[in-house]
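Report on the following structure.
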Amino acid sequence: MTDQTTTSTTTTSTTTTVGDAHVTVADVPTGLFIGGAWRPASGGATFDVRDPSTGAVLASVADATPEDGIAALDAAVAAQDDWAATAPRRRSDLLRRTFDLVHEHADDIAAVMTLEMGKPLAESRGEVVYGAEFLRWFSEEAVRIGGDYRTNPEGTGRGIVLKRPVGPVYAITPWNFPLAMATRKIAPALAAGCTVVLKPADLTPLTTLYLVELFRQAGLPDGVLNVVPASDAKALSAPVIADRRLRKLTFTGSTPVGSALLKQAADNVLKTSMELGGNAPLLVFDDADLDLAVDAAMQAKFRNVGEACTAANRFFVQEGIADAFTAALSERIDALRIGRGTEDGTDIGPLIDSRAVDKAAGLVDDAVARGARLVSGGQRVDREGTFYAPTLLDDVQPGSDILTTEIFGPVVSITRFATEEEGIRLANDTEYGLVAYAFTEDMRRGQRLAERLETGMLGWNTGVVSNAAFPFGGVKASGLGREGSHEGLEEYLETVYVLTPDPFAA
Ligand code: NAP
């Protein structure tokens with residue numbers, strides 16, 4: 001392996017060659033983006049971004065101070081009125097041009113993503129397509145912001161209901177989908193006429209910075225989108241959230257951090273959107289199509305190395321199909337190839353850091369100690385980087401930590417159940433409610449599940465629910481609000497109602 005890196009204050013050029021794969025990442029910005037220009041942090045500090053499959057430093061990124069955060073908000077506030085007054089078609093065109101640029105640069109973006117996050121290149125390319133869809137979808141929605149005009153019930157007046165942008169937005173995104181979690185917020189905000197300050201996760205800022213550079217090339221007006229990577233998220237964010245000029249906070253990340261941010265947002269009664277943690281149940285009923293259920297379960301569990309809020313966390317399998325399902329799934333798991341995300345044929349890359357490996361190992365050890373049967377995997381991988389073997393546990397016992405904890409790793413936990421009633425009870429036995437998966441060929445059972453599972457989304461005979469055209473989001477501790485679909489645009493709009501007298505009255 002060879003790595004060559006050259007850096008300046010605002011860009012880096014990294015060339016990485018791994019085995020047969022040649023990944024060249026050139027001119028990835030590493031500065032702050034404020035008011036339409038790249039710049040170093042005000043104190044000149046930087047922090048390192050590492051490749052989790054080797055620990056090697058990929059780039060040093062400007063480390064925004066709280067003053068930089070306020071400077072970014074100043075820029076967003078200064079641009080807000082003009083951006084709100086910009087014709088919807090022009091807002092739409094910016095998003096559409098950026099969509100085209102993301103596709104033109106898809107291979108580079110995927111390479112950057114794989115280097116900093118670890119997932120296999122094929123999955124990074126998949127995220128590029130998925131993340132870009134939000135740009136296209138909301139470029140189409142930007143010109144379809146509606147209103148209402150109607151006569152009041154008394155017939156004495158007319159009501160006009162109009163929508164207008166909520167105002168400057170602060171967006172905080174996680175490391176696991178560094179492109180899509182950013183476009184899912186930026187695109188609807190810009191479509192609605194809001195300006196944005198975005199803080200990406202410090203583990204994976206490079207993909208987001210690359211995206212912002214493409215926005216700049218697409219003609220982004222100064223101040224409309226500002227990005228402030230920082231090593232101290234709390235210190236940067238608290239003054240921005242406390243600033244009365246901010247009107248919206250949108251967050252994707254863990255439930256404890258989301259809950260703490262909601263408390264901060266309460267002081268200024270900020271409009272908030274919260275995409276938080278998950279603990280997805282995956283139910284397989286006796287009448288399921290076995291091959292389909294196994295294929296979908298592999299996607300629902302192992303996409304993104306299991307590091308997805310939508311990852312199937314708790315498998316509940318009905319007794320009549322459990323032996324066949326477990327045998328077929330373990331065969332597929334044993335065939336997964338572990339490696340660097342940049343290597344051809346890799347199915348399972350590294351976890352994001354050593355804490356994630358410790359967490360997966362701790363959950364597996366606890367489940368086994370409480371009586372679970374280890375069918376596949378169950379150990380750390382003996383190589384450089386932060387790898388954990390894809391693992392299958394059967395007969396996981398009540399009280400095991402793995403049933404109440406978001407695993408965020410490549411571990412399947414199976415519990416068997418007897419009746420539909422029991423399956424639903426087990427699935428709902430969690431504080432979370434982001435997504436559920438269910439496999440049954442019985443139409444009426446599927447409908448019953450849709451009405452009774454406590455979840456914001458249900459994959460019925462499918463292992464992937466994410467789609468820009470549909471409302472993504474959870475119930476219970478999994479969050480507030482929706483991203484994607486027309487509902488995702490509404491999160492950045494507020495409703496104003498005007499009453500005027502009957503124009504025909506004498
Ligand atoms: P996290 O620790 O909550 O961090 C998320 C973001 O919040 C990061 O940018 C982080 O910055 C920042 N942050 C952390 N503490 C903060 C604070 N006190 N004030 C302001 N910002 C703060 O979550 P994560 O580990 O990155 O992501 C994994 C979690 O995200 C999982 O729970 C997963 O389920 C959830 N997630 C949910 C969805 C969804 O759509 N529902 C999608 C993806 C992920 P730094 O990283 O720079 O510290």
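Just so we're on the same page: first chain in the structure tokens is A, next is B, and so on; residues restart at 1 for each chain, and ligands are numbered from 1 in the order they show up.
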
So which residues are near ligand 1, meaning at most 8 Å away with only C-alpha atoms and all ligand atoms counted, given back as a PDB file with C-alpha atoms, in the first residue's frame?
```
ATOM      1  CA  ILE A 172     -25.813  18.538  12.322  1.00  0.00           C
ATOM      2  CA  THR A 173     -25.045  15.245  10.580  1.00  0.00           C
ATOM      3  CA  PRO A 174     -23.534  11.875  11.608  1.00  0.00           C
ATOM      4  CA  TRP A 175     -20.570   9.960  10.179  1.00  0.00           C
ATOM      5  CA  ASN A 176     -22.314   6.867   8.862  1.00  0.00           C
ATOM      6  CA  PHE A 177     -23.832   8.334   5.658  1.00  0.00           C
ATOM      7  CA  MET A 181     -27.466  12.728   5.602  1.00  0.00           C
ATOM      8  CA  LYS A 199     -21.686  20.780  10.921  1.00  0.00           C
ATOM      9  CA  PRO A 200     -20.562  17.379   9.615  1.00  0.00           C
ATOM     10  CA  ALA A 201     -19.254  14.648  11.935  1.00  0.00           C
ATOM     11  CA  ASP A 202     -15.558  15.029  12.741  1.00  0.00           C
ATOM     12  CA  LEU A 203     -14.888  11.393  11.743  1.00  0.00           C
ATOM     13  CA  PRO A 229     -16.277  20.990  10.677  1.00  0.00           C
ATOM     14  CA  ALA A 230     -15.154  20.932  14.307  1.00  0.00           C
ATOM     15  CA  SER A 231     -13.542  18.569  16.770  1.00  0.00           C
ATOM     16  CA  ASP A 232     -15.653  19.926  19.656  1.00  0.00           C
ATOM     17  CA  ALA A 233     -19.249  19.662  18.452  1.00  0.00           C
ATOM     18  CA  LYS A 234     -20.771  20.895  21.692  1.00  0.00           C
ATOM     19  CA  ALA A 235     -18.612  24.009  22.019  1.00  0.00           C
ATOM     20  CA  LEU A 236     -19.296  24.957  18.400  1.00  0.00           C
ATOM     21  CA  SER A 237     -23.025  24.243  18.481  1.00  0.00           C
ATOM     22  CA  ALA A 238     -24.197  25.694  21.792  1.00  0.00           C
ATOM     23  CA  PHE A 251     -30.164  16.879  13.629  1.00  0.00           C
ATOM     24  CA  THR A 252     -29.352  13.318  12.650  1.00  0.00           C
ATOM     25  CA  GLY A 253     -27.530  11.254  15.222  1.00  0.00           C
ATOM     26  CA  SER A 254     -27.965   9.375  18.459  1.00  0.00           C
ATOM     27  CA  THR A 255     -30.987   9.721  20.720  1.00  0.00           C
ATOM     28  CA  PRO A 256     -29.050  10.989  23.801  1.00  0.00           C
ATOM     29  CA  VAL A 257     -27.437  13.814  21.800  1.00  0.00           C
ATOM     30  CA  GLY A 258     -30.756  14.605  20.072  1.00  0.00           C
ATOM     31  CA  ALA A 260     -29.800  17.178  24.779  1.00  0.00           C
ATOM     32  CA  LEU A 261     -30.117  19.373  21.674  1.00  0.00           C
ATOM     33  CA  MET A 274     -34.703  14.957  14.891  1.00  0.00           C
ATOM     34  CA  GLU A 275     -33.601  11.787  13.073  1.00  0.00           C
ATOM     35  CA  LEU A 276     -32.397   9.645  15.950  1.00  0.00           C
ATOM     36  CA  GLY A 277     -31.373   6.129  16.849  1.00  0.00           C
ATOM     37  CA  GLY A 278     -33.101   2.886  15.976  1.00  0.00           C
ATOM     38  CA  GLU A 307     -23.656   0.936  10.971  1.00  0.00           C
ATOM     39  CA  ALA A 308     -27.053   2.270   9.935  1.00  0.00           C
ATOM     40  CA  CYS A 309     -29.952   3.621  11.956  1.00  0.00           C
ATOM     41  CA  THR A 310     -32.110   1.395   9.751  1.00  0.00           C
ATOM     42  CA  GLU A 406     -28.355  -0.217  18.979  1.00  0.00           C
ATOM     43  CA  PHE A 408     -24.166  -0.535  14.971  1.00  0.00           C
ATOM     44  CA  LEU A 434     -37.627   4.054  13.409  1.00  0.00           C
ATOM     45  CA  PHE A 472     -38.158   8.919   6.321  1.00  0.00           C
ATOM     46  CA  GLY A 473     -38.381   9.169  10.079  1.00  0.00           C
ATOM     47  CA  GLY A 474     -39.329   7.549  13.328  1.00  0.00           C
ATOM     48  CA  SER A 478     -36.374   7.623  17.140  1.00  0.00           C
ATOM     49  CA  GLY A 479     -37.239  11.200  16.416  1.00  0.00           C
TER      50      GLY A 479
END
```

Worksheet item: Which residues, written as a list in words, have at least one atom at most 12 Å from A:Arg452, with only C-alpha atoms counted and residues fewer than 5 positions away on the same chain left out?
Response: Glu420, Glu421, Gly423, Ile424, Arg425, Leu426, Ala427, Asn428, Gly433, Ala436, Arg445, Gly446, Gln447, Met457 and Leu458 of chain A

Keeping only all heavy atoms, write the selected residues as an mmCIF file, in the first residue's frame.
```cif
data_model
loop_
_atom_site.group_PDB
_atom_site.id
_atom_site.type_symbol
_atom_site.label_atom_id
_atom_site.label_comp_id
_atom_site.auth_asym_id
_atom_site.auth_seq_id
_atom_site.Cartn_x
_atom_site.Cartn_y
_atom_site.Cartn_z
ATOM 1 N N GLU A 420 -48.218 -14.720 16.102
ATOM 2 C CA GLU A 420 -48.144 -13.336 15.582
ATOM 3 C C GLU A 420 -48.218 -12.343 16.739
ATOM 4 O O GLU A 420 -47.479 -11.354 16.772
ATOM 5 C CB GLU A 420 -49.297 -13.106 14.595
ATOM 6 C CG GLU A 420 -49.339 -11.700 14.034
ATOM 7 C CD GLU A 420 -50.515 -11.517 13.077
ATOM 8 O OE1 GLU A 420 -50.751 -12.397 12.234
ATOM 9 O OE2 GLU A 420 -51.203 -10.470 13.189
ATOM 10 N N GLU A 421 -49.087 -12.626 17.684
ATOM 11 C CA GLU A 421 -49.259 -11.721 18.823
ATOM 12 C C GLU A 421 -47.934 -11.559 19.581
ATOM 13 O O GLU A 421 -47.529 -10.449 19.935
ATOM 14 C CB GLU A 421 -50.343 -12.316 19.741
ATOM 15 C CG GLU A 421 -50.900 -11.360 20.764
ATOM 16 C CD GLU A 421 -51.543 -10.134 20.131
ATOM 17 O OE1 GLU A 421 -52.103 -10.226 19.028
ATOM 18 O OE2 GLU A 421 -51.459 -9.058 20.761
ATOM 19 N N GLY A 423 -44.920 -12.109 18.397
ATOM 20 C CA GLY A 423 -43.951 -11.409 17.531
ATOM 21 C C GLY A 423 -44.138 -9.909 17.601
ATOM 22 O O GLY A 423 -43.168 -9.139 17.712
ATOM 23 N N ILE A 424 -45.386 -9.467 17.552
ATOM 24 C CA ILE A 424 -45.658 -8.018 17.600
ATOM 25 C C ILE A 424 -45.254 -7.458 18.967
ATOM 26 O O ILE A 424 -44.654 -6.381 19.068
ATOM 27 C CB ILE A 424 -47.144 -7.744 17.296
ATOM 28 C CG1 ILE A 424 -47.441 -8.084 15.832
ATOM 29 C CG2 ILE A 424 -47.514 -6.299 17.613
ATOM 30 C CD1 ILE A 424 -48.905 -8.009 15.444
ATOM 31 N N ARG A 425 -45.565 -8.215 20.018
ATOM 32 C CA ARG A 425 -45.213 -7.727 21.361
ATOM 33 C C ARG A 425 -43.701 -7.572 21.494
ATOM 34 O O ARG A 425 -43.197 -6.554 21.980
ATOM 35 C CB ARG A 425 -45.751 -8.702 22.426
ATOM 36 C CG ARG A 425 -45.502 -8.249 23.865
ATOM 37 C CD ARG A 425 -46.033 -9.229 24.883
ATOM 38 N NE ARG A 425 -45.507 -10.581 24.743
ATOM 39 C CZ ARG A 425 -44.251 -10.950 25.042
ATOM 40 N NH1 ARG A 425 -43.385 -10.066 25.507
ATOM 41 N NH2 ARG A 425 -43.861 -12.208 24.895
ATOM 42 N N LEU A 426 -42.960 -8.567 21.025
ATOM 43 C CA LEU A 426 -41.491 -8.488 21.102
ATOM 44 C C LEU A 426 -40.962 -7.316 20.265
ATOM 45 O O LEU A 426 -40.082 -6.565 20.693
ATOM 46 C CB LEU A 426 -40.872 -9.797 20.596
ATOM 47 C CG LEU A 426 -41.021 -11.010 21.518
ATOM 48 C CD1 LEU A 426 -40.647 -12.291 20.774
ATOM 49 C CD2 LEU A 426 -40.150 -10.850 22.769
ATOM 50 N N ALA A 427 -41.516 -7.149 19.064
ATOM 51 C CA ALA A 427 -41.038 -6.079 18.171
ATOM 52 C C ALA A 427 -41.247 -4.710 18.806
ATOM 53 O O ALA A 427 -40.401 -3.816 18.695
ATOM 54 C CB ALA A 427 -41.749 -6.163 16.831
ATOM 55 N N ASN A 428 -42.389 -4.535 19.473
ATOM 56 C CA ASN A 428 -42.719 -3.224 20.054
ATOM 57 C C ASN A 428 -42.057 -2.981 21.406
ATOM 58 O O ASN A 428 -42.159 -1.885 21.963
ATOM 59 C CB ASN A 428 -44.239 -3.087 20.216
ATOM 60 C CG ASN A 428 -44.931 -2.877 18.873
ATOM 61 O OD1 ASN A 428 -44.301 -2.498 17.884
ATOM 62 N ND2 ASN A 428 -46.242 -3.125 18.840
ATOM 63 N N GLY A 433 -38.475 3.491 17.547
ATOM 64 C CA GLY A 433 -39.522 3.174 16.567
ATOM 65 C C GLY A 433 -39.206 3.778 15.217
ATOM 66 O O GLY A 433 -39.994 4.533 14.652
ATOM 67 N N ALA A 436 -39.178 -1.048 10.896
ATOM 68 C CA ALA A 436 -39.340 -2.481 11.168
ATOM 69 C C ALA A 436 -39.339 -3.191 9.827
ATOM 70 O O ALA A 436 -39.634 -2.577 8.791
ATOM 71 C CB ALA A 436 -40.641 -2.741 11.912
ATOM 72 N N ARG A 445 -52.097 -10.256 7.155
ATOM 73 C CA ARG A 445 -51.139 -10.121 8.261
ATOM 74 C C ARG A 445 -50.254 -8.893 8.036
ATOM 75 O O ARG A 445 -49.983 -8.124 8.961
ATOM 76 C CB ARG A 445 -50.272 -11.376 8.371
ATOM 77 C CG ARG A 445 -49.142 -11.183 9.377
ATOM 78 C CD ARG A 445 -48.280 -12.408 9.499
ATOM 79 N NE ARG A 445 -48.904 -13.395 10.342
ATOM 80 C CZ ARG A 445 -48.722 -14.703 10.235
ATOM 81 N NH1 ARG A 445 -47.957 -15.179 9.276
ATOM 82 N NH2 ARG A 445 -49.299 -15.536 11.058
ATOM 83 N N GLY A 446 -49.815 -8.695 6.814
ATOM 84 C CA GLY A 446 -48.989 -7.526 6.512
ATOM 85 C C GLY A 446 -49.701 -6.234 6.879
ATOM 86 O O GLY A 446 -49.105 -5.310 7.450
ATOM 87 N N GLN A 447 -50.989 -6.182 6.561
ATOM 88 C CA GLN A 447 -51.754 -4.971 6.904
ATOM 89 C C GLN A 447 -51.887 -4.827 8.417
ATOM 90 O O GLN A 447 -51.811 -3.725 8.958
ATOM 91 C CB GLN A 447 -53.128 -5.021 6.243
ATOM 92 C CG GLN A 447 -53.055 -4.812 4.745
ATOM 93 C CD GLN A 447 -54.404 -5.051 4.087
ATOM 94 O OE1 GLN A 447 -54.666 -6.127 3.584
ATOM 95 N NE2 GLN A 447 -55.244 -4.051 4.129
ATOM 96 N N MET A 457 -41.526 3.505 9.808
ATOM 97 C CA MET A 457 -41.383 2.911 8.470
ATOM 98 C C MET A 457 -41.437 1.389 8.600
ATOM 99 O O MET A 457 -40.976 0.831 9.599
ATOM 100 C CB MET A 457 -40.030 3.325 7.864
ATOM 101 C CG MET A 457 -39.858 4.839 7.743
ATOM 102 S SD MET A 457 -38.242 5.324 7.146
ATOM 103 C CE MET A 457 -37.209 5.081 8.577
ATOM 104 N N LEU A 458 -41.997 0.752 7.591
ATOM 105 C CA LEU A 458 -42.068 -0.713 7.585
ATOM 106 C C LEU A 458 -41.612 -1.233 6.231
ATOM 107 O O LEU A 458 -42.158 -0.845 5.186
ATOM 108 C CB LEU A 458 -43.517 -1.166 7.852
ATOM 109 C CG LEU A 458 -43.789 -2.667 7.700
ATOM 110 C CD1 LEU A 458 -42.981 -3.490 8.701
ATOM 111 C CD2 LEU A 458 -45.284 -2.950 7.888
#
```

Fill in: DSSP alpha helix (DSSP H) selection over stretch 293-432 of chain A, as a ChimeraX atom specification
/A:293-302,319-334,354-369,420-428

Item to complete: Excluding A:Asp100 and any residue of its chain fewer than 4 positions from it, enumerate the residues within 12 Å of it, using only C-alpha atoms, and give them as a list of chain:residue names.
Response: A:Asp93, A:Leu94, A:Leu95, A:Arg96, A:Glu104, A:His105, A:Ala106, A:Val128, A:Val129, A:Ala132, A:Glu133, A:Leu135, A:Arg136, A:Ser139, A:Leu211, A:Leu214, A:Phe215, A:Gln217, A:Ala218

Expected file contents, prior selection, all heavy atoms, as a compact mmCIF listing (two decimals), in the first residue's frame:
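Result written to part_27.txt:
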```txt
# COMPACT_ATOMS: atom_id res chain seq x y z
N ASP A 93 -32.88 25.10 -9.95
CA ASP A 93 -31.77 24.88 -10.91
C ASP A 93 -30.44 24.64 -10.18
O ASP A 93 -29.62 23.84 -10.64
CB ASP A 93 -31.63 26.09 -11.85
CG ASP A 93 -32.74 26.13 -12.90
OD1 ASP A 93 -33.45 25.10 -13.05
OD2 ASP A 93 -32.90 27.19 -13.54
N LEU A 94 -30.22 25.35 -9.07
CA LEU A 94 -28.98 25.14 -8.32
C LEU A 94 -28.89 23.68 -7.83
O LEU A 94 -27.85 23.02 -7.94
CB LEU A 94 -28.91 26.09 -7.13
CG LEU A 94 -27.74 25.83 -6.17
CD1 LEU A 94 -26.41 26.19 -6.80
CD2 LEU A 94 -27.92 26.58 -4.85
N LEU A 95 -30.01 23.19 -7.30
CA LEU A 95 -30.01 21.82 -6.80
C LEU A 95 -29.81 20.83 -7.94
O LEU A 95 -29.07 19.84 -7.82
CB LEU A 95 -31.33 21.53 -6.06
CG LEU A 95 -31.51 22.32 -4.76
CD1 LEU A 95 -32.93 22.14 -4.22
CD2 LEU A 95 -30.51 21.87 -3.70
N ARG A 96 -30.44 21.12 -9.06
CA ARG A 96 -30.33 20.21 -10.20
C ARG A 96 -28.90 20.20 -10.76
O ARG A 96 -28.35 19.14 -11.10
CB ARG A 96 -31.34 20.62 -11.28
CG ARG A 96 -31.33 19.76 -12.51
CD ARG A 96 -31.76 18.34 -12.20
NE ARG A 96 -31.23 17.44 -13.19
CZ ARG A 96 -31.85 16.34 -13.63
NH1 ARG A 96 -33.02 15.99 -13.13
NH2 ARG A 96 -31.31 15.57 -14.52
N GLU A 104 -21.33 13.43 -11.96
CA GLU A 104 -20.07 13.51 -12.72
C GLU A 104 -18.87 13.10 -11.85
O GLU A 104 -17.91 12.53 -12.34
CB GLU A 104 -19.83 14.95 -13.20
CG GLU A 104 -20.50 15.28 -14.51
CD GLU A 104 -20.37 16.77 -14.81
OE1 GLU A 104 -19.30 17.36 -14.56
OE2 GLU A 104 -21.37 17.34 -15.27
N HIS A 105 -18.94 13.40 -10.58
CA HIS A 105 -17.81 13.13 -9.67
C HIS A 105 -18.09 11.91 -8.79
O HIS A 105 -17.45 11.77 -7.73
CB HIS A 105 -17.55 14.36 -8.79
CG HIS A 105 -17.06 15.55 -9.56
ND1 HIS A 105 -15.73 15.85 -9.70
CD2 HIS A 105 -17.74 16.47 -10.27
CE1 HIS A 105 -15.60 16.93 -10.46
NE2 HIS A 105 -16.81 17.33 -10.82
N ALA A 106 -19.00 11.06 -9.20
CA ALA A 106 -19.45 9.96 -8.34
C ALA A 106 -18.29 9.07 -7.87
O ALA A 106 -18.23 8.69 -6.69
CB ALA A 106 -20.50 9.12 -9.06
N VAL A 128 -23.82 7.48 -3.01
CA VAL A 128 -23.76 8.65 -3.89
C VAL A 128 -25.07 8.77 -4.69
O VAL A 128 -25.67 9.84 -4.78
CB VAL A 128 -22.55 8.57 -4.85
CG1 VAL A 128 -22.60 9.69 -5.88
CG2 VAL A 128 -21.25 8.66 -4.06
N VAL A 129 -25.54 7.65 -5.20
CA VAL A 129 -26.79 7.68 -5.98
C VAL A 129 -27.96 8.08 -5.07
O VAL A 129 -28.77 8.94 -5.41
CB VAL A 129 -27.04 6.30 -6.63
CG1 VAL A 129 -28.42 6.24 -7.28
CG2 VAL A 129 -25.95 5.99 -7.65
N ALA A 132 -27.61 11.76 -3.91
CA ALA A 132 -27.90 12.69 -5.01
C ALA A 132 -29.40 12.80 -5.26
O ALA A 132 -29.90 13.86 -5.67
CB ALA A 132 -27.18 12.22 -6.28
N GLU A 133 -30.13 11.71 -5.01
CA GLU A 133 -31.58 11.75 -5.27
C GLU A 133 -32.28 12.85 -4.50
O GLU A 133 -33.28 13.40 -4.96
CB GLU A 133 -32.22 10.40 -4.94
CG GLU A 133 -32.20 9.41 -6.07
CD GLU A 133 -32.59 9.99 -7.42
OE1 GLU A 133 -33.69 10.55 -7.55
OE2 GLU A 133 -31.77 9.91 -8.35
N LEU A 135 -31.11 15.76 -3.96
CA LEU A 135 -30.91 17.00 -4.73
C LEU A 135 -31.91 17.07 -5.88
O LEU A 135 -32.52 18.10 -6.13
CB LEU A 135 -29.47 17.05 -5.26
CG LEU A 135 -28.38 17.02 -4.18
CD1 LEU A 135 -27.01 16.78 -4.81
CD2 LEU A 135 -28.37 18.34 -3.39
N ARG A 136 -32.10 15.94 -6.55
CA ARG A 136 -33.03 15.94 -7.68
C ARG A 136 -34.47 16.08 -7.19
O ARG A 136 -35.25 16.87 -7.72
CB ARG A 136 -32.87 14.66 -8.50
CG ARG A 136 -33.88 14.60 -9.63
CD ARG A 136 -33.44 13.72 -10.75
NE ARG A 136 -33.40 12.30 -10.39
CZ ARG A 136 -33.16 11.36 -11.30
NH1 ARG A 136 -32.96 11.68 -12.55
NH2 ARG A 136 -33.13 10.09 -10.95
N SER A 139 -35.13 19.53 -6.00
CA SER A 139 -35.12 20.51 -7.10
C SER A 139 -36.50 20.51 -7.76
O SER A 139 -36.99 21.54 -8.23
CB SER A 139 -34.03 20.20 -8.12
OG SER A 139 -34.42 19.16 -8.99
N LEU A 211 -18.87 17.74 -1.30
CA LEU A 211 -20.22 18.12 -1.77
C LEU A 211 -20.38 19.63 -1.83
O LEU A 211 -20.92 20.19 -2.80
CB LEU A 211 -21.27 17.51 -0.84
CG LEU A 211 -22.70 18.01 -1.03
CD1 LEU A 211 -23.29 17.46 -2.33
CD2 LEU A 211 -23.59 17.61 0.16
N LEU A 214 -18.88 21.19 -4.74
CA LEU A 214 -19.70 21.01 -5.95
C LEU A 214 -20.85 22.01 -5.96
O LEU A 214 -21.22 22.54 -7.01
CB LEU A 214 -20.20 19.56 -6.05
CG LEU A 214 -19.09 18.51 -6.20
CD1 LEU A 214 -19.69 17.12 -6.33
CD2 LEU A 214 -18.19 18.81 -7.41
N PHE A 215 -21.44 22.27 -4.81
CA PHE A 215 -22.47 23.32 -4.72
C PHE A 215 -21.88 24.66 -5.19
O PHE A 215 -22.51 25.41 -5.91
CB PHE A 215 -22.97 23.48 -3.28
CG PHE A 215 -24.25 22.73 -2.98
CD1 PHE A 215 -24.24 21.58 -2.22
CD2 PHE A 215 -25.47 23.19 -3.46
CE1 PHE A 215 -25.41 20.90 -1.93
CE2 PHE A 215 -26.65 22.53 -3.18
CZ PHE A 215 -26.62 21.37 -2.41
N GLN A 217 -19.37 25.17 -7.18
CA GLN A 217 -19.17 25.14 -8.64
C GLN A 217 -20.50 25.26 -9.38
O GLN A 217 -20.55 25.74 -10.52
CB GLN A 217 -18.45 23.85 -9.05
CG GLN A 217 -17.01 23.80 -8.58
CD GLN A 217 -16.36 22.45 -8.88
OE1 GLN A 217 -16.83 21.67 -9.69
NE2 GLN A 217 -15.26 22.18 -8.19
N ALA A 218 -21.58 24.84 -8.74
CA ALA A 218 -22.90 24.91 -9.39
C ALA A 218 -23.49 26.31 -9.33
O ALA A 218 -24.56 26.56 -9.90
CB ALA A 218 -23.84 23.91 -8.74
```

Practice prompt. Would you list the contacts of A:Asp353 as a PyMOL selection string, taking every protein, DNA or RNA residue within 12 Å and counting only C-alpha atoms, but skipping same-chain residues closer than 6 positions in sequence?
Written response: chain A and resi 49-55+116-118+175-176+203-204+307+359-360+384-388+408-409

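With only C-alpha atoms as the atoms that count, the residue of A:Thr342, A:Ser42, A:Thr391, A:Asn226 with the shortest distance to A:Ala361 is A:Thr391.
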
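Closest to A:Pro168 among A:Ala59, A:Leu493, A:Val284, A:Ala372 is A:Leu493, based on only C-alpha atoms.
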
Hey, what's within 7 Å of A:Tyr492 if we count only C-alpha atoms and toss same-chain stuff fewer than 5 positions away? As an mmCIF file with N, CA and C atoms, in the first residue's frame, please?
```cif
data_model
loop_
_atom_site.group_PDB
_atom_site.id
_atom_site.type_symbol
_atom_site.label_atom_id
_atom_site.label_comp_id
_atom_site.auth_asym_id
_atom_site.auth_seq_id
_atom_site.Cartn_x
_atom_site.Cartn_y
_atom_site.Cartn_z
ATOM 1 N N PRO A 165 -40.269 30.362 3.944
ATOM 2 C CA PRO A 165 -39.149 29.652 4.588
ATOM 3 C C PRO A 165 -39.042 30.009 6.053
ATOM 4 N N VAL A 166 -38.691 29.006 6.857
ATOM 5 C CA VAL A 166 -38.648 29.237 8.295
ATOM 6 C C VAL A 166 -37.503 30.186 8.666
ATOM 7 N N PRO A 188 -33.780 20.071 0.937
ATOM 8 C CA PRO A 188 -35.091 20.668 1.239
ATOM 9 C C PRO A 188 -34.983 22.077 1.814
ATOM 10 N N ALA A 189 -33.926 22.322 2.599
ATOM 11 C CA ALA A 189 -33.775 23.662 3.182
ATOM 12 C C ALA A 189 -33.594 24.696 2.068
ATOM 13 N N ALA A 192 -36.724 25.244 0.014
ATOM 14 C CA ALA A 192 -37.742 26.038 0.710
ATOM 15 C C ALA A 192 -37.369 27.512 0.784
#
```

Worksheet item: So which bits of stretch 50-286 of chain A end up strand (DSSP E or B) when you DSSP the backbone, as a ChimeraX atom specification?
Response: /A:50,57-62,148-151,157-165,169-172,196-199,225-227,248-252,271-275,280-284

Discussion item. Env of A:Glu483: 8 Å cut, atoms = only C-alpha atoms, seq-sep filter 5 positions within chain, self excluded. Answer as a ChimeraX atom specification.
Written reply: /A:184-185,471-473,488-489,491

Residues just named, written with C-alpha atoms as an mmCIF file, in the first residue's frame:
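Listed below is the output, result02.cif:
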```
data_model
loop_
_atom_site.group_PDB
_atom_site.id
_atom_site.type_symbol
_atom_site.label_atom_id
_atom_site.label_comp_id
_atom_site.auth_asym_id
_atom_site.auth_seq_id
_atom_site.Cartn_x
_atom_site.Cartn_y
_atom_site.Cartn_z
ATOM 1 C CA ARG A 184 -31.340 15.075 2.963
ATOM 2 C CA LYS A 185 -31.157 18.336 4.957
ATOM 3 C CA PRO A 471 -41.106 10.251 4.294
ATOM 4 C CA PHE A 472 -38.158 8.919 6.321
ATOM 5 C CA GLY A 473 -38.381 9.169 10.079
ATOM 6 C CA GLY A 488 -39.377 16.791 4.078
ATOM 7 C CA LEU A 489 -39.900 20.190 2.452
ATOM 8 C CA GLU A 491 -40.086 20.837 7.737
#
```
